[in-house]
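Report on the structure given below.
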Amino acid sequence: MKYLKDRPTSHTPLETDYPQTHRPFVNDEAMNMEAKSLKKNQIMWRIIKAGLITLVIVVVVVVAVVVTSNKQKTTKSDADSQNPSSYAVSPYANLTRMSSAVGTLSVENSGRILVVGDVHGCLNELNQLIAQLRLTSEDRLILAGDLTSKGPDSVGVLRRAKEIGALCVRGNHDDKVVRLKTFQLQKGDNAMQPLNVVMPEGNVGDPLKFGNYHRAVASNMTQDDYNYLDSCPMALTLPSFNNSVVVHAGMDPAIQDINSQIPYLVMNMRDINNGIPVVEKKIGDPWANVWNAAQETSAQPMTVFYGHAASRGVQVTKYAVGVDSGCVYGGLLTAIDIKTRVLTQVNCNKYISSDDD
C-alpha cells in the first residue's frame, strides 16, 4: 500500500530547481537598457512640454507688456495734451512766441527766401550749402530750428548764421540750450549742482537736469552767441508769401491763432492722435496730413515750413513743407526756395546714429 505522500504531485519548477548551467535565458541587460530608454524618453517629453509651456507664457507676457505700454503711451500723450499746464513755458526760456518778417522780407524782394532744415551743429555742411546756393545780398536764409546740439560745432553754426544775417526759429534742442544758459547767466555755475538734480522750471514738457548734455553747448556760448539763439522765435510769419509761417516741428490744426499755439508742441510735435498733438513717433497720423486737410476748408489757409522730422525726410505738400533730411545722421542738408519750391542739397557726414528727437 502506497502512502499518499508517495503519490506524484504537480510541481512548477523553480529557478533553483535547475542546475546553474540549465536555467532559462533572461537578458537582464536588455531589459535594463529598455527601461532606461523609456525613462529618458519620458524625461525628454517632459522637458519639451515644459519648454513649450514656458514659450507660450513668455509670448503672452511680451504681447501683454507691449499692448499695455502702447496704451499707457497713448494715454499719457492724450492726458498731457489735454492738460496745458503740462506744457508750461520755462521761466528761463525767454521765448518770443511769434515774429513777423514784414519789413524784412516782402513780395518785392527780387532775391530768394530759402528755408533750411535742421543743421544740428554741422558747420562744414552749412558752409557747403551756402557755397552751393551762391547767396547774393538780396537772398535770405531762414533756419528752421535745431541749429545746435548733436553735431560737432554748434557755436560755429550760430556765429556763421549771424554773420550771414540768417533768420531763425527755435527748435527743441535750441530751447534746452537757451534755458540752461539763461539759468547759468542768472544763477551762476555753482547753482547748477548736483548734476542729477532737475532744474526748477515748473511743469514743463521736457524737464532738464543740470547735467543734461546740452549744458556743454550752453557753457561754450558767449553772450553774443546766446543773444542770437535767444532771438529765434517760436514762429516766424511770412504773410506776403502765401500766408506762410516757419516753425520747427509743427502746428496744431485746431488752434487758429499762432500766439495761442503751445510752444512745447510747436517745437516737438510729430503726429495727431484723435485730434490731439503728440510728440512721440508713430502714434496717430502725421500732423502735416491733418494740417493739409484742415487748410483745404479754411478761409485763410496757411502754409507751414518746418524741420524736426528727420525720419520722414523732405516732405513737400500743398500746405506743409518739411525740410529736415537728417544731416547729422549722415543724410542731407536741405534748403528750399519758398517761391519756387526748388531744393538745394548737400551730403553730410554721419556724426550720430540715433534719431531720438
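Residues in the C-alpha cells are numbered from 1 in each chain, the chains being A, B, ... in the order shown, and ligands are numbered from 1 in the order shown.
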List the spatial neighbours of Gln184 (chain A) as a VMD selection string - criterion: any atom at most 12 Å away, only C-alpha atoms, same-chain residues fewer than 2 positions off excluded.
chain A and resid 92 177 to 182 186 to 193 199 210 215 to 216 218 to 223 226
Residues near Val155 (chain A), cut-off 8 Å, only C-alpha atoms, skip fewer than 4 positions along chain, as an MDAnalysis selection string:
chainID A and resid 121 148 159 217 220:221 225
Those residues with all heavy atoms, as a PDB file, in the first residue's frame please?
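The resulting again_35.pdb:
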```pdb
ATOM      1  N   GLY A 121      24.527 121.699 -35.547  1.00  0.00           N
ATOM      2  CA  GLY A 121      25.957 121.866 -35.302  1.00  0.00           C
ATOM      3  C   GLY A 121      26.865 121.412 -36.421  1.00  0.00           C
ATOM      4  O   GLY A 121      28.089 121.339 -36.239  1.00  0.00           O
ATOM      5  N   THR A 148      21.581 123.848 -33.150  1.00  0.00           N
ATOM      6  CA  THR A 148      22.583 123.353 -32.211  1.00  0.00           C
ATOM      7  C   THR A 148      22.385 121.877 -31.873  1.00  0.00           C
ATOM      8  O   THR A 148      21.395 121.263 -32.228  1.00  0.00           O
ATOM      9  CB  THR A 148      22.503 124.149 -30.900  1.00  0.00           C
ATOM     10  OG1 THR A 148      21.246 123.860 -30.262  1.00  0.00           O
ATOM     11  CG2 THR A 148      22.603 125.641 -31.152  1.00  0.00           C
ATOM     12  N   ARG A 159      27.501 131.381 -34.993  1.00  0.00           N
ATOM     13  CA  ARG A 159      28.279 132.536 -35.445  1.00  0.00           C
ATOM     14  C   ARG A 159      28.211 132.713 -36.957  1.00  0.00           C
ATOM     15  O   ARG A 159      28.139 133.843 -37.454  1.00  0.00           O
ATOM     16  CB  ARG A 159      29.727 132.379 -34.970  1.00  0.00           C
ATOM     17  CG  ARG A 159      29.826 132.467 -33.454  1.00  0.00           C
ATOM     18  CD  ARG A 159      31.189 132.134 -32.901  1.00  0.00           C
ATOM     19  NE  ARG A 159      31.152 132.174 -31.433  1.00  0.00           N
ATOM     20  CZ  ARG A 159      32.150 131.803 -30.645  1.00  0.00           C
ATOM     21  NH1 ARG A 159      33.291 131.368 -31.176  1.00  0.00           N
ATOM     22  NH2 ARG A 159      32.021 131.868 -29.328  1.00  0.00           N
ATOM     23  N   VAL A 217      27.030 122.832 -24.721  1.00  0.00           N
ATOM     24  CA  VAL A 217      26.861 123.873 -25.745  1.00  0.00           C
ATOM     25  C   VAL A 217      26.610 125.212 -25.071  1.00  0.00           C
ATOM     26  O   VAL A 217      27.207 126.230 -25.434  1.00  0.00           O
ATOM     27  CB  VAL A 217      25.697 123.530 -26.693  1.00  0.00           C
ATOM     28  CG1 VAL A 217      25.486 124.655 -27.711  1.00  0.00           C
ATOM     29  CG2 VAL A 217      25.963 122.211 -27.413  1.00  0.00           C
ATOM     30  N   ASN A 220      29.677 126.900 -23.676  1.00  0.00           N
ATOM     31  CA  ASN A 220      30.640 127.386 -24.670  1.00  0.00           C
ATOM     32  C   ASN A 220      30.169 128.642 -25.400  1.00  0.00           C
ATOM     33  O   ASN A 220      30.936 129.244 -26.156  1.00  0.00           O
ATOM     34  CB  ASN A 220      30.932 126.286 -25.698  1.00  0.00           C
ATOM     35  CG  ASN A 220      31.796 125.174 -25.126  1.00  0.00           C
ATOM     36  OD1 ASN A 220      32.611 125.413 -24.240  1.00  0.00           O
ATOM     37  ND2 ASN A 220      31.611 123.957 -25.613  1.00  0.00           N
ATOM     38  N   MET A 221      28.928 129.042 -25.177  1.00  0.00           N
ATOM     39  CA  MET A 221      28.403 130.210 -25.878  1.00  0.00           C
ATOM     40  C   MET A 221      28.822 131.503 -25.192  1.00  0.00           C
ATOM     41  O   MET A 221      28.804 131.599 -23.963  1.00  0.00           O
ATOM     42  CB  MET A 221      26.874 130.160 -25.955  1.00  0.00           C
ATOM     43  CG  MET A 221      26.317 129.071 -26.833  1.00  0.00           C
ATOM     44  SD  MET A 221      24.544 129.331 -27.238  1.00  0.00           S
ATOM     45  CE  MET A 221      23.808 129.514 -25.625  1.00  0.00           C
ATOM     46  N   ASP A 225      26.569 134.913 -28.759  1.00  0.00           N
ATOM     47  CA  ASP A 225      26.002 133.656 -29.265  1.00  0.00           C
ATOM     48  C   ASP A 225      24.623 133.418 -28.652  1.00  0.00           C
ATOM     49  O   ASP A 225      23.667 133.059 -29.344  1.00  0.00           O
ATOM     50  CB  ASP A 225      26.911 132.465 -28.914  1.00  0.00           C
ATOM     51  CG  ASP A 225      28.310 132.595 -29.489  1.00  0.00           C
ATOM     52  OD1 ASP A 225      28.450 133.197 -30.574  1.00  0.00           O
ATOM     53  OD2 ASP A 225      29.260 132.079 -28.857  1.00  0.00           O
TER      54      ASP A 225
END
```
Residues of region 62-283 of chain A in helix (DSSP H, G or I), written as JSON, numbers by chain
{"A": [62, 63, 64, 65, 66, 67, 68, 69, 70, 71, 72, 73, 74, 75, 76, 77, 78, 79, 80, 81, 82, 84, 85, 86, 87, 123, 124, 125, 126, 127, 128, 129, 130, 131, 132, 133, 154, 155, 156, 157, 158, 159, 160, 161, 162, 163, 172, 173, 174, 175, 176, 177, 178, 179, 180, 181, 182, 183, 184, 185, 186, 187, 189, 190, 191, 214, 215, 216, 217, 218, 219, 220, 223, 224, 225, 226, 227, 228, 229, 230, 258, 259, 260, 263, 264, 265, 266, 267, 268]}
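Residues lying within 8 Å of Cys232 (chain A), counting only C-alpha atoms and ignoring same-chain neighbours fewer than 6 positions away, are Thr96, Leu167, Cys168, Val169 and Arg170 of chain A.
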For Pro239 (chain A), list every protein, DNA or RNA residue within 8 Å, evaluated using only C-alpha atoms, and leave out those in the same chain fewer than 3 positions away; present the list as JSON, numbers by chain.
{"A": [100, 101, 102, 242, 243, 244, 245]}
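Among A:Tyr213, A:Tyr319, A:Phe183, A:Tyr228, the residue with the shortest atom-to-atom distance to Gly250 (chain A), counting only C-alpha atoms, is A:Tyr319.
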Could you give me, as a PDB file with C-alpha atoms, in the first residue's frame, each residue of region 113-345 of chain A that DSSP assigns to strand (DSSP E) when run on this structure's backbone?
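Heads up, here's the output in selection37.pdb:
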```pdb
ATOM      1  CA  ILE A 113      13.793 133.179 -49.498  1.00  0.00           C
ATOM      2  CA  LEU A 114      15.406 129.891 -48.511  1.00  0.00           C
ATOM      3  CA  VAL A 115      14.290 127.718 -45.603  1.00  0.00           C
ATOM      4  CA  VAL A 116      16.991 125.355 -44.312  1.00  0.00           C
ATOM      5  CA  ARG A 140      17.760 135.477 -47.191  1.00  0.00           C
ATOM      6  CA  LEU A 141      18.194 132.207 -45.275  1.00  0.00           C
ATOM      7  CA  ILE A 142      15.728 131.092 -42.614  1.00  0.00           C
ATOM      8  CA  LEU A 143      16.920 128.254 -40.359  1.00  0.00           C
ATOM      9  CA  LEU A 167      16.731 134.450 -39.685  1.00  0.00           C
ATOM     10  CA  CYS A 168      15.746 131.535 -37.477  1.00  0.00           C
ATOM     11  CA  ALA A 235       7.226 131.010 -35.170  1.00  0.00           C
ATOM     12  CA  LEU A 236       8.298 133.333 -37.966  1.00  0.00           C
ATOM     13  CA  THR A 237       5.438 134.548 -40.143  1.00  0.00           C
ATOM     14  CA  LEU A 238       5.767 135.425 -43.827  1.00  0.00           C
ATOM     15  CA  SER A 244       3.376 131.192 -44.798  1.00  0.00           C
ATOM     16  CA  VAL A 245       4.953 130.506 -41.407  1.00  0.00           C
ATOM     17  CA  VAL A 246       8.182 128.789 -40.384  1.00  0.00           C
ATOM     18  CA  ASP A 271       1.612 113.323 -35.012  1.00  0.00           C
ATOM     19  CA  ILE A 272      -2.064 113.988 -34.330  1.00  0.00           C
ATOM     20  CA  ASN A 273      -3.848 111.256 -32.364  1.00  0.00           C
ATOM     21  CA  ILE A 276      -4.589 115.746 -30.062  1.00  0.00           C
ATOM     22  CA  PRO A 277      -0.944 116.596 -30.957  1.00  0.00           C
ATOM     23  CA  VAL A 278       1.619 114.106 -29.644  1.00  0.00           C
ATOM     24  CA  ASP A 285      -1.391 110.447 -38.202  1.00  0.00           C
ATOM     25  CA  PRO A 286       1.478 112.700 -39.294  1.00  0.00           C
ATOM     26  CA  THR A 303       1.461 127.079 -45.393  1.00  0.00           C
ATOM     27  CA  VAL A 304       3.876 125.764 -42.780  1.00  0.00           C
ATOM     28  CA  PHE A 305       7.589 125.207 -43.415  1.00  0.00           C
ATOM     29  CA  TYR A 306       9.152 123.015 -40.740  1.00  0.00           C
ATOM     30  CA  GLN A 315       8.019 116.321 -47.392  1.00  0.00           C
ATOM     31  CA  VAL A 316       6.662 118.812 -49.939  1.00  0.00           C
ATOM     32  CA  ALA A 320       3.073 121.746 -45.233  1.00  0.00           C
ATOM     33  CA  VAL A 321       6.710 121.527 -46.316  1.00  0.00           C
ATOM     34  CA  GLY A 322       9.205 119.520 -44.242  1.00  0.00           C
ATOM     35  CA  LEU A 332      21.458 115.622 -46.433  1.00  0.00           C
ATOM     36  CA  LEU A 333      21.250 119.289 -45.522  1.00  0.00           C
ATOM     37  CA  THR A 334      18.349 120.796 -47.452  1.00  0.00           C
ATOM     38  CA  ALA A 335      17.312 124.310 -48.452  1.00  0.00           C
ATOM     39  CA  ILE A 336      14.052 125.086 -50.247  1.00  0.00           C
ATOM     40  CA  ASP A 337      13.155 128.259 -52.119  1.00  0.00           C
ATOM     41  CA  LEU A 343      15.505 122.171 -53.491  1.00  0.00           C
ATOM     42  CA  THR A 344      19.240 122.559 -52.942  1.00  0.00           C
ATOM     43  CA  GLN A 345      21.007 119.798 -51.005  1.00  0.00           C
TER      44      GLN A 345
END
```
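Residues in contact with Asn347 (chain A) at 12 Å, where only C-alpha atoms are counted and same-chain residues fewer than 6 positions away are skipped, are listed as A:Cys122, A:Asn124, A:Glu125, A:Leu126, A:Asn127, A:Gln128, A:Leu129, A:Gln132, A:Ser325, A:Gly326, A:Cys327, A:Val328, A:Tyr329, A:Gly330, A:Gly331, A:Leu332, A:Leu333, A:Thr334.
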Using only N, CA and C atoms, please write the residues we just selected to a file, as a tab-separated table (two decimals), in the first residue's frame.
```
chain	number	residue	atom	x	y	z
A	122	CYS	N	26.32	121.12	-37.60
A	122	CYS	CA	27.14	120.65	-38.74
A	122	CYS	C	27.63	121.86	-39.53
A	124	ASN	N	30.51	122.49	-41.23
A	124	ASN	CA	31.09	122.26	-42.55
A	124	ASN	C	30.01	122.11	-43.61
A	125	GLU	N	28.98	121.36	-43.28
A	125	GLU	CA	27.90	121.13	-44.24
A	125	GLU	C	27.10	122.42	-44.50
A	126	LEU	N	26.92	123.24	-43.46
A	126	LEU	CA	26.24	124.52	-43.65
A	126	LEU	C	27.04	125.40	-44.60
A	127	ASN	N	28.35	125.43	-44.42
A	127	ASN	CA	29.19	126.22	-45.32
A	127	ASN	C	29.14	125.70	-46.75
A	128	GLN	N	29.09	124.39	-46.90
A	128	GLN	CA	28.98	123.81	-48.25
A	128	GLN	C	27.66	124.20	-48.90
A	129	LEU	N	26.58	124.18	-48.10
A	129	LEU	CA	25.27	124.56	-48.65
A	129	LEU	C	25.27	126.03	-49.05
A	132	GLN	N	27.08	126.39	-52.25
A	132	GLN	CA	26.33	125.86	-53.40
A	132	GLN	C	25.16	126.77	-53.78
A	325	SER	N	16.26	116.68	-43.50
A	325	SER	CA	16.67	115.46	-44.21
A	325	SER	C	17.83	114.76	-43.51
A	326	GLY	N	17.92	114.94	-42.18
A	326	GLY	CA	18.81	114.12	-41.36
A	326	GLY	C	20.29	114.35	-41.57
A	327	CYS	N	20.72	115.59	-41.69
A	327	CYS	CA	22.13	115.87	-41.94
A	327	CYS	C	23.04	115.24	-40.89
A	328	VAL	N	22.75	115.46	-39.62
A	328	VAL	CA	23.64	115.00	-38.56
A	328	VAL	C	23.72	113.47	-38.50
A	329	TYR	N	22.74	112.79	-39.10
A	329	TYR	CA	22.72	111.33	-39.13
A	329	TYR	C	23.36	110.75	-40.39
A	330	GLY	N	24.02	111.64	-41.15
A	330	GLY	CA	24.66	111.18	-42.39
A	330	GLY	C	23.76	111.32	-43.60
A	331	GLY	N	22.70	112.11	-43.48
A	331	GLY	CA	21.78	112.32	-44.60
A	331	GLY	C	22.17	113.53	-45.43
A	332	LEU	N	21.23	114.44	-45.61
A	332	LEU	CA	21.46	115.62	-46.43
A	332	LEU	C	21.10	116.88	-45.64
A	333	LEU	N	21.69	117.99	-46.03
A	333	LEU	CA	21.25	119.29	-45.52
A	333	LEU	C	20.51	119.96	-46.67
A	334	THR	N	19.26	120.34	-46.39
A	334	THR	CA	18.35	120.80	-47.45
A	334	THR	C	17.95	122.25	-47.27
```
Distance query Met269 (chain A) at most 10 Å, only C-alpha atoms, self and fewer than 6 positions along chain excluded, as an MDAnalysis selection string:
chainID A and resid 172 248:252 263 277:281 286:287 308:309 357
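Atom to atom, CA of Val342 (chain A) and CA of Val314 (chain A) stand 12.0 Å apart.
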Report, in Å with one decimal, the straight-line distance from CA of Leu265 (chain A) to CA of Asp206 (chain A).
10.8 Å
Within 7 Å of Val204 (chain A) using only C-alpha atoms, minus same-chain residues under 4 positions, as a count of residues only
5
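Taking CA of Asn289 (chain A) as the reference point, CA of Asp146 (chain A) is found at 22.7 Å.
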